[in-house]
Amino acid sequence: MLKVKLNNGIKMPQLGFGVYQIPLEETAEAVYQAIKAGYRLIDTASIYRNEKETGEGISKAINEGIVKREELFITSKLFILQAPEPTATRTIKQSLDIMNLDYLDLYLIHQPYGDVYGAWRAIVAAQQSGAIKSIGIFNFKSTEMIEFVGLNEVKPQSNQIEVNPWNQRSEDQEWHEQYNVQVEAWAPFAEEKHDLFTNSVLSEIGSHYGKSVGQVVLRWLMQRGIVALAKSVRPERMAENINIFDFELSKSEIEKISNLDMIESAFFDTMHHNK
């Protein structure tokens with residue numbers, strides 16, 4: 001598994017497994033199967049209402065000896081209604097208790113709204129106590145990220161934003177690299193918007209390597225240095241999505257994918273949303 005180094009020196013797996021909108025009754029098994037398939041980055045959030053089930057899947061994999069806790073990279077997020085500092089402090093502890101974890105590897109402010117600075121103080125304090133290893137933000141535009149970095153002594157390690165072939169965020173990535181904030185992609189497949197899985201350009205590239213469109217998209221993100229989150233409840237699809245480290249896209253193929261950019265969200269009129 002490829003890893004990226006965050007600005008605090010911690011290494012983060014470049015491909016992860018997200019549990020957003022996975023049915024509650026399927027979450028624990030999906031997380032367990034993902035870890036069995038080789039995923040080490042698991043991404044959840046308090047607003048997803050499945051932290052407990054995510055933790056159960058993690059515990060099962062650890063208890064069966066499939067993986068050690070220190071080999072995993074677990075992410076959760078603080079929702080905007082939990083943003084005041086005292087509430088954020090309680091929510092972080094609740095997430096740890098619910099997931100049966102001693103620490104989280106990454107914790108994000110889940111949207112650039114509300115009392116983000118109070119929330120950040122609580123998150124930084126949790127990082128300093130060892131309850132959280134790395135800290136970050138979610139869906140912050142580049143201008144918001146830059147302002148946030150400038151107004152805080154401790155800057156975020158990552159920003160999770162929408163990145164996919166229809167919304168490639170190249171300029172945003174340049175700004176994040178300048179400020180040494182890791183870009184992490186949610187919805188790399190754009191939730192199949194604009195018929196992504198039958199796109200002729202992506203399909204042709206995939207055929208050349210004997211790979212699926214999904215594998216091509218994830219490989220494209222890997223080569224851009226972006227962390228990507230894939231999601232599936234099917235073990236065969238989990239295995240397919242992680243099998244992307246045995247080929248490399250050429251410059252001309254990357255250019256063809258670049259030409260697909262619509263420079264707009266595949267979901268919303270703005271970059272902000274309620275994911």
# chains A, B, ... in the order shown; residues from 1 in each chain; ligands from 1
>>> residues_around(residues="range 164-181 of chain A", least_positions_apart="5", cutoff="9 Å", atoms="only C-alpha atoms", output="ChimeraX atom specification")
/A:6-7,136,141-143,145-146,149,155-159,186-190,193-194,196,217,221,226,257-266
>>> write_last_selection(atoms="N, CA and C atoms", output="short mmCIF file (atom, residue, chain, number, x, y, z; two decimals), in the first residue's frame")
data_model
loop_
_atom_site.label_atom_id
_atom_site.label_comp_id
_atom_site.auth_asym_id
_atom_site.auth_seq_id
_atom_site.Cartn_x
_atom_site.Cartn_y
_atom_site.Cartn_z
N LEU A 6 2.21 13.09 6.07
CA LEU A 6 1.52 14.31 6.45
C LEU A 6 2.51 15.31 7.02
N ASN A 7 2.05 16.56 7.20
CA ASN A 7 2.98 17.61 7.64
C ASN A 7 3.44 17.46 9.08
N GLY A 136 -7.53 17.44 10.83
CA GLY A 136 -7.75 18.04 9.53
C GLY A 136 -9.12 18.65 9.38
N LYS A 141 -12.95 25.17 1.00
CA LYS A 141 -12.40 25.70 -0.24
C LYS A 141 -10.96 26.14 0.02
N SER A 142 -10.20 26.32 -1.04
CA SER A 142 -8.80 26.75 -0.88
C SER A 142 -8.71 28.06 -0.12
N THR A 143 -9.60 29.01 -0.43
CA THR A 143 -9.58 30.29 0.27
C THR A 143 -9.86 30.11 1.76
N MET A 145 -9.34 27.28 3.45
CA MET A 145 -8.19 26.57 4.01
C MET A 145 -7.06 27.53 4.33
N ILE A 146 -6.77 28.44 3.40
CA ILE A 146 -5.67 29.40 3.59
C ILE A 146 -5.96 30.31 4.78
N VAL A 149 -5.57 28.24 8.01
CA VAL A 149 -4.16 28.04 8.34
C VAL A 149 -3.56 29.31 8.94
N LYS A 155 -1.74 23.95 12.17
CA LYS A 155 -2.46 23.86 10.91
C LYS A 155 -2.92 22.43 10.64
N PRO A 156 -3.94 22.27 9.82
CA PRO A 156 -4.46 20.93 9.53
C PRO A 156 -3.46 20.09 8.75
N GLN A 157 -3.55 18.78 8.98
CA GLN A 157 -2.73 17.85 8.21
C GLN A 157 -3.37 17.52 6.86
N SER A 158 -4.71 17.59 6.79
CA SER A 158 -5.38 17.19 5.55
C SER A 158 -6.68 17.95 5.37
N ASN A 159 -7.17 17.93 4.14
CA ASN A 159 -8.48 18.48 3.80
C ASN A 159 -9.16 17.50 2.86
N TRP A 186 -13.09 12.53 -1.45
CA TRP A 186 -14.32 11.76 -1.27
C TRP A 186 -15.02 11.67 -2.63
N ALA A 187 -15.83 10.63 -2.78
CA ALA A 187 -16.58 10.40 -4.04
C ALA A 187 -15.68 10.39 -5.26
N PRO A 188 -14.61 9.58 -5.28
CA PRO A 188 -13.74 9.54 -6.46
C PRO A 188 -14.45 9.05 -7.71
N PHE A 189 -15.54 8.30 -7.53
CA PHE A 189 -16.31 7.82 -8.68
C PHE A 189 -17.51 8.73 -8.97
N ALA A 190 -17.59 9.86 -8.28
CA ALA A 190 -18.69 10.83 -8.46
C ALA A 190 -20.06 10.17 -8.30
N LYS A 193 -22.13 9.65 -11.36
CA LYS A 193 -22.73 10.75 -12.11
C LYS A 193 -22.11 10.83 -13.51
N HIS A 194 -22.89 11.30 -14.47
CA HIS A 194 -22.44 11.47 -15.86
C HIS A 194 -21.91 10.16 -16.44
N LEU A 196 -20.07 7.69 -15.35
CA LEU A 196 -18.62 7.55 -15.22
C LEU A 196 -18.13 6.16 -15.62
N VAL A 217 -9.57 5.26 -12.31
CA VAL A 217 -9.79 6.49 -11.55
C VAL A 217 -8.96 6.50 -10.27
N LEU A 221 -5.76 9.04 -9.22
CA LEU A 221 -5.63 9.79 -7.97
C LEU A 221 -4.33 9.46 -7.25
N ILE A 226 -2.92 12.10 -4.31
CA ILE A 226 -4.14 12.34 -3.54
C ILE A 226 -4.57 11.06 -2.83
N ILE A 257 -7.47 12.07 -19.30
CA ILE A 257 -8.36 12.18 -18.15
C ILE A 257 -8.52 13.64 -17.75
N SER A 258 -7.44 14.40 -17.83
CA SER A 258 -7.51 15.83 -17.48
C SER A 258 -8.52 16.57 -18.35
N ASN A 259 -8.64 16.13 -19.59
CA ASN A 259 -9.57 16.80 -20.52
C ASN A 259 -11.04 16.53 -20.19
N LEU A 260 -11.29 15.61 -19.26
CA LEU A 260 -12.67 15.33 -18.84
C LEU A 260 -13.18 16.32 -17.80
N ASP A 261 -12.29 17.13 -17.27
CA ASP A 261 -12.63 18.01 -16.16
C ASP A 261 -13.71 19.02 -16.55
N MET A 262 -14.81 19.03 -15.81
CA MET A 262 -15.87 20.01 -16.02
C MET A 262 -15.70 21.23 -15.11
N ILE A 263 -14.75 21.13 -14.19
CA ILE A 263 -14.44 22.21 -13.24
C ILE A 263 -15.70 22.63 -12.48
N GLU A 264 -16.49 21.65 -12.08
CA GLU A 264 -17.67 21.93 -11.27
C GLU A 264 -18.01 20.68 -10.47
N SER A 265 -18.70 20.89 -9.36
CA SER A 265 -19.08 19.76 -8.52
C SER A 265 -20.02 18.83 -9.27
N ALA A 266 -19.83 17.54 -9.06
CA ALA A 266 -20.75 16.56 -9.64
C ALA A 266 -22.03 16.45 -8.82
#
>>> residues_around(residues="Ser200 in chain A", least_positions_apart="3", cutoff="12 Å", atoms="only C-alpha atoms", output="VMD selection string")
chain A and resid 194 to 197 203 to 207 212 to 213 256 to 257 260
>>> closest_residue(among="A:Ser76, A:Gln33, A:Gln160, A:Asn152", to="Tyr103 in chain A", atoms="only C-alpha atoms")
A:Ser76
>>> select_by_dssp(residues="range 183-266 of chain A", states="helix (DSSP H, G or I)", output="PyMOL selection string")
chain A and resi 190-198+200-209+213-223+235-242+251-258
>>> closest_residue(among="A:Thr44, A:Ala61, A:Val227, A:Leu108", to="Ile22 in chain A", atoms="only C-alpha atoms")
A:Thr44
>>> select_by_dssp(residues="range 10-155 of chain A", states="strand (DSSP E)", output="PyMOL selection string")
chain A and resi 11-13+15-18+41-43+73-79+104-110+132-138
>>> residues_around(residues="Gln94 in chain A", least_positions_apart="5", cutoff="12 Å", atoms="only C-alpha atoms", output="count of residues only")
18
>>> residues_around(residues="Trp220 in chain A", least_positions_apart="5", cutoff="9 Å", atoms="only C-alpha atoms", output="short mmCIF file (atom, residue, chain, number, x, y, z; two decimals) with N, CA and C atoms, in the first residue's frame")
data_model
loop_
_atom_site.label_atom_id
_atom_site.label_comp_id
_atom_site.auth_asym_id
_atom_site.auth_seq_id
_atom_site.Cartn_x
_atom_site.Cartn_y
_atom_site.Cartn_z
N GLN A 215 -10.78 1.23 -11.27
CA GLN A 215 -9.34 1.08 -11.01
C GLN A 215 -8.53 2.18 -11.68
N GLY A 225 -0.94 11.97 -6.18
CA GLY A 225 -0.56 12.15 -4.79
C GLY A 225 -1.72 12.42 -3.87
N ILE A 226 -2.92 12.10 -4.31
CA ILE A 226 -4.14 12.34 -3.54
C ILE A 226 -4.57 11.06 -2.83
N GLU A 248 0.70 1.59 -14.19
CA GLU A 248 0.92 3.03 -14.07
C GLU A 248 0.42 3.72 -15.33
N LEU A 249 -0.35 4.77 -15.15
CA LEU A 249 -0.88 5.52 -16.29
C LEU A 249 0.22 6.34 -16.94
N ILE A 254 -3.00 10.35 -18.67
CA ILE A 254 -3.35 11.32 -17.64
C ILE A 254 -3.89 12.60 -18.28
N ILE A 257 -7.47 12.07 -19.30
CA ILE A 257 -8.36 12.18 -18.15
C ILE A 257 -8.52 13.64 -17.75
#
>>> residues_around(residues="Asp43 in chain A", least_positions_apart="4", cutoff="8 Å", atoms="only C-alpha atoms", output="VMD selection string")
chain A and resid 16 to 19 74 to 76 229
>>> decode(residues="range 183-242 of chain A", atoms="C-alpha atoms", output="PDB file, in the first residue's frame")
ATOM      1  CA  VAL A 183      -5.699  16.477  -0.246  1.00  0.00           C
ATOM      2  CA  GLU A 184      -8.025  13.540   0.365  1.00  0.00           C
ATOM      3  CA  ALA A 185     -10.772  12.687  -2.138  1.00  0.00           C
ATOM      4  CA  TRP A 186     -14.319  11.760  -1.269  1.00  0.00           C
ATOM      5  CA  ALA A 187     -16.575  10.399  -4.036  1.00  0.00           C
ATOM      6  CA  PRO A 188     -13.736   9.543  -6.456  1.00  0.00           C
ATOM      7  CA  PHE A 189     -16.311   7.824  -8.683  1.00  0.00           C
ATOM      8  CA  ALA A 190     -18.690  10.830  -8.463  1.00  0.00           C
ATOM      9  CA  GLU A 191     -21.300   8.300  -7.321  1.00  0.00           C
ATOM     10  CA  GLU A 192     -21.578   7.293 -10.994  1.00  0.00           C
ATOM     11  CA  LYS A 193     -22.732  10.751 -12.115  1.00  0.00           C
ATOM     12  CA  HIS A 194     -22.435  11.473 -15.864  1.00  0.00           C
ATOM     13  CA  ASP A 195     -22.161   7.711 -16.544  1.00  0.00           C
ATOM     14  CA  LEU A 196     -18.621   7.549 -15.216  1.00  0.00           C
ATOM     15  CA  PHE A 197     -18.317   3.767 -15.414  1.00  0.00           C
ATOM     16  CA  THR A 198     -19.185   3.708 -19.115  1.00  0.00           C
ATOM     17  CA  ASN A 199     -17.145   6.743 -20.136  1.00  0.00           C
ATOM     18  CA  SER A 200     -15.344   5.911 -23.379  1.00  0.00           C
ATOM     19  CA  VAL A 201     -12.043   7.578 -22.435  1.00  0.00           C
ATOM     20  CA  LEU A 202     -11.788   5.844 -19.072  1.00  0.00           C
ATOM     21  CA  SER A 203     -12.998   2.533 -20.514  1.00  0.00           C
ATOM     22  CA  GLU A 204     -10.396   2.621 -23.298  1.00  0.00           C
ATOM     23  CA  ILE A 205      -7.596   3.295 -20.817  1.00  0.00           C
ATOM     24  CA  GLY A 206      -8.842   0.482 -18.599  1.00  0.00           C
ATOM     25  CA  SER A 207      -8.987  -1.969 -21.503  1.00  0.00           C
ATOM     26  CA  HIS A 208      -5.332  -1.269 -22.277  1.00  0.00           C
ATOM     27  CA  TYR A 209      -4.315  -2.548 -18.836  1.00  0.00           C
ATOM     28  CA  GLY A 210      -7.080  -5.069 -18.263  1.00  0.00           C
ATOM     29  CA  LYS A 211      -8.483  -2.828 -15.538  1.00  0.00           C
ATOM     30  CA  SER A 212     -11.917  -1.446 -14.723  1.00  0.00           C
ATOM     31  CA  VAL A 213     -12.869   2.222 -14.947  1.00  0.00           C
ATOM     32  CA  GLY A 214     -12.904   2.362 -11.154  1.00  0.00           C
ATOM     33  CA  GLN A 215      -9.343   1.076 -11.006  1.00  0.00           C
ATOM     34  CA  VAL A 216      -8.246   3.653 -13.574  1.00  0.00           C
ATOM     35  CA  VAL A 217      -9.791   6.493 -11.552  1.00  0.00           C
ATOM     36  CA  LEU A 218      -8.189   5.344  -8.308  1.00  0.00           C
ATOM     37  CA  ARG A 219      -4.819   4.891 -10.001  1.00  0.00           C
ATOM     38  CA  TRP A 220      -5.114   8.400 -11.469  1.00  0.00           C
ATOM     39  CA  LEU A 221      -5.632   9.794  -7.974  1.00  0.00           C
ATOM     40  CA  MET A 222      -2.691   7.795  -6.615  1.00  0.00           C
ATOM     41  CA  GLN A 223      -0.399   9.252  -9.271  1.00  0.00           C
ATOM     42  CA  ARG A 224      -1.582  12.747  -8.391  1.00  0.00           C
ATOM     43  CA  GLY A 225      -0.557  12.146  -4.787  1.00  0.00           C
ATOM     44  CA  ILE A 226      -4.145  12.338  -3.541  1.00  0.00           C
ATOM     45  CA  VAL A 227      -5.566  10.058  -0.857  1.00  0.00           C
ATOM     46  CA  ALA A 228      -8.736   8.354  -2.142  1.00  0.00           C
ATOM     47  CA  LEU A 229     -11.676   6.688  -0.414  1.00  0.00           C
ATOM     48  CA  ALA A 230     -13.417   3.806  -2.169  1.00  0.00           C
ATOM     49  CA  LYS A 231     -16.680   2.261  -0.986  1.00  0.00           C
ATOM     50  CA  SER A 232     -18.425  -1.063  -1.589  1.00  0.00           C
ATOM     51  CA  VAL A 233     -20.157  -3.755   0.453  1.00  0.00           C
ATOM     52  CA  ARG A 234     -19.142  -6.449  -2.044  1.00  0.00           C
ATOM     53  CA  PRO A 235     -15.873  -8.253  -1.236  1.00  0.00           C
ATOM     54  CA  GLU A 236     -15.101  -8.770  -4.927  1.00  0.00           C
ATOM     55  CA  ARG A 237     -15.408  -5.037  -5.603  1.00  0.00           C
ATOM     56  CA  MET A 238     -13.297  -4.231  -2.536  1.00  0.00           C
ATOM     57  CA  ALA A 239     -10.590  -6.520  -3.907  1.00  0.00           C
ATOM     58  CA  GLU A 240     -10.870  -4.935  -7.346  1.00  0.00           C
ATOM     59  CA  ASN A 241     -10.569  -1.381  -6.025  1.00  0.00           C
ATOM     60  CA  ILE A 242      -7.416  -2.138  -4.065  1.00  0.00           C
TER      61      ILE A 242
END
